[in-house]
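Participant: Here you go, one structure.
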Amino acid sequence: MNINNISSEDLQDILAVFLRNSDRSLKYDDLSKSKILSKISNSSIHRGVQNLQRRGIISVSNSRGKSKGGERVKNFHLIKRRVVFKEIVKIVGDKIFEELLASDYTNCIIKKYGFISVFNILKEKMKGANFNRMASRSLLKQQATIEEYRDKAKCISNYLLKYFGPELFDIQKSGVNIKEKIRPNSRDYAEIYGLLVDRFETTVPLNLEDRNEISSLLIDDKVEHIKSKIGYKLRPLSSEHIELLTEFDKLEAVRLYRKVIYGEIRESFKELSKIPLLVPQCLYLFMECDNYLSPFTSYPVQSPEIPLFSRPFQRIYDDVYLLGPSDLKFLARRAFVIYKNFASFLSDFFRYSAPKDTKALRRELMEFIYLWNVSSTNFDLVWLYLNNVYGEKIGSGNFYLQSDGMRFKLTDLNNNKPLADEERFIKTFSPKPMLFERRYEARRSMDRPFTQLRPCLCFKDLFGWSDTISIKQIRLDLNPSR
């Protein structure tokens, strides 16, 4: 009998029956009675089974009893091995591919060999947009995938808590007296003094002018161990599983991240925030919102100063995933945390690039204030636009927001296409700080854009805050002793 003499469509239908019954064995009688195979002849079913046997996809065993014809009854089993899954992928067409990836069989393969192993088999096919979306819907909802990502999230959280544990800052437990390790009249390790000593002595930002007089640390293994772990530059943690999510459909990837990973990361941030000597409390509040809105580029994937200061403050309206109007509160809170704690963020930034004198400090403050004022103006434009979109129920409500030169764009994640909105909505950024009047309808140039920090318009309604912050106040917050 020519075992290749069967159509591809019939072979896939036979395979579909095995996929739907992957937890048990099937007999020829079971196959012939299947509704899917009702239009396929018994001889074609036999040829299809033999084809699958030859490919090593199914195995056969004999029952103890015999059929009426005197032959032993054969039982066929779908083999649950990675190499078999790979072979199935080769022969499966569009007709049942989604069924394959959503099946208990694939869930078993993920559980047995790991999610990354399954992805690597599908990697080339994942480059196609339609296949990627289909595969994302199926694979990222598999229970084995969710459990694996939950385990990885716990590992990341445990590592953060272990790496930055409170014992690190307990001088009695560590046996290190930090002050005794200080040697005067040296500036080589200015930032290390700031990290190790200032955090022990006070919760206020480090006095910038005093930093020019601070000194270095003597070589000590324990001190080296400590200084590599604390301070504003939180070391990023590499996670292949988080990076892998960027290869999938963004909507499904963000849903999985928020469902499984975000809660663990947020809880680890809350635990770390109880250690006052590590980083400012406001940084944890920022990271909590940032991780929710921009999961694939936030800490712990990369250090928080990168999104904050690589393009100063543009983070507040860029690289944002919104899965409904309720996510706008995270967008507003992330911006408000920076605004309300502006001096604290700059203080930790200056630890690694301290101004040489008060004049230099004032110049840099004016630059940062201006950059914030431009960014907060553009945040208001984005905020107005998003509220119009959600208010008028345009699109699916699942969006990706990103800046694009002097414009911003909103991608509808349900179809990965730019939102088909109306032209009356402003989608162009402002090149300079502006003030809004009459509920956003009119704009005028800001009078003191270098010396006054403007709040975003939504701060008043959401947080009861509408005051500007002067450069004088920011300097006082940076140098509370003066």
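Labels for the structure tokens follow display order: chains A, B, ..., residues from 1 in each chain, ligands from 1.
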Applying 7 Å and only C-alpha atoms, which residues near A:Leu19 remain after dropping the ones on its own chain fewer than 4 positions away? List them as a VMD selection string.
Facilitator: chain A and resid 15 100 103 105
Participant: Would you list, as a PyMOL selection string, the residues of stretch 282-413 of chain A that end up in strand (DSSP E or B) under DSSP run on this structure's backbone?
Facilitator: chain A and resi 320-323+398-404+407-412
Participant: Report as a list in words all protein, DNA and RNA residues lying within 7 Å of stretch 60-62 of chain A, evaluated on only C-alpha atoms, omitting residues in the same chain fewer than 4 positions from it.
Facilitator: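 The neighbour list is Arg72, Val73, Lys74, Asn75, Phe76 and His77 of chain A.
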Participant: Those same residues, written as a PDB file, in the first residue's frame with C-alpha atoms?
Facilitator:
```pdb
ATOM      1  CA  ARG A  72      -5.063  -7.973  17.632  1.00  0.00           C
ATOM      2  CA  VAL A  73      -6.632  -4.536  18.051  1.00  0.00           C
ATOM      3  CA  LYS A  74      -4.108  -1.737  17.533  1.00  0.00           C
ATOM      4  CA  ASN A  75      -3.920   1.292  19.811  1.00  0.00           C
ATOM      5  CA  PHE A  76      -2.366   4.495  18.481  1.00  0.00           C
ATOM      6  CA  HIS A  77      -0.792   7.142  20.709  1.00  0.00           C
TER       7      HIS A  77
END
```
Participant: I need the residue nearest A:Glu252 from this list: A:Leu328, A:Leu139, A:Ala360, A:Val337. Use only C-alpha atoms for the distance.
Facilitator: A:Leu139
Participant: List the neighbours of A:Phe85 out to 12 Å using only C-alpha atoms; skip same-chain residues closer than 6 positions along the sequence, and give me the result as a PyMOL selection string.
Facilitator: chain A and resi 15+19+55-58+78-79+91-92+97+100-101+103+105-110+112-113+117-122
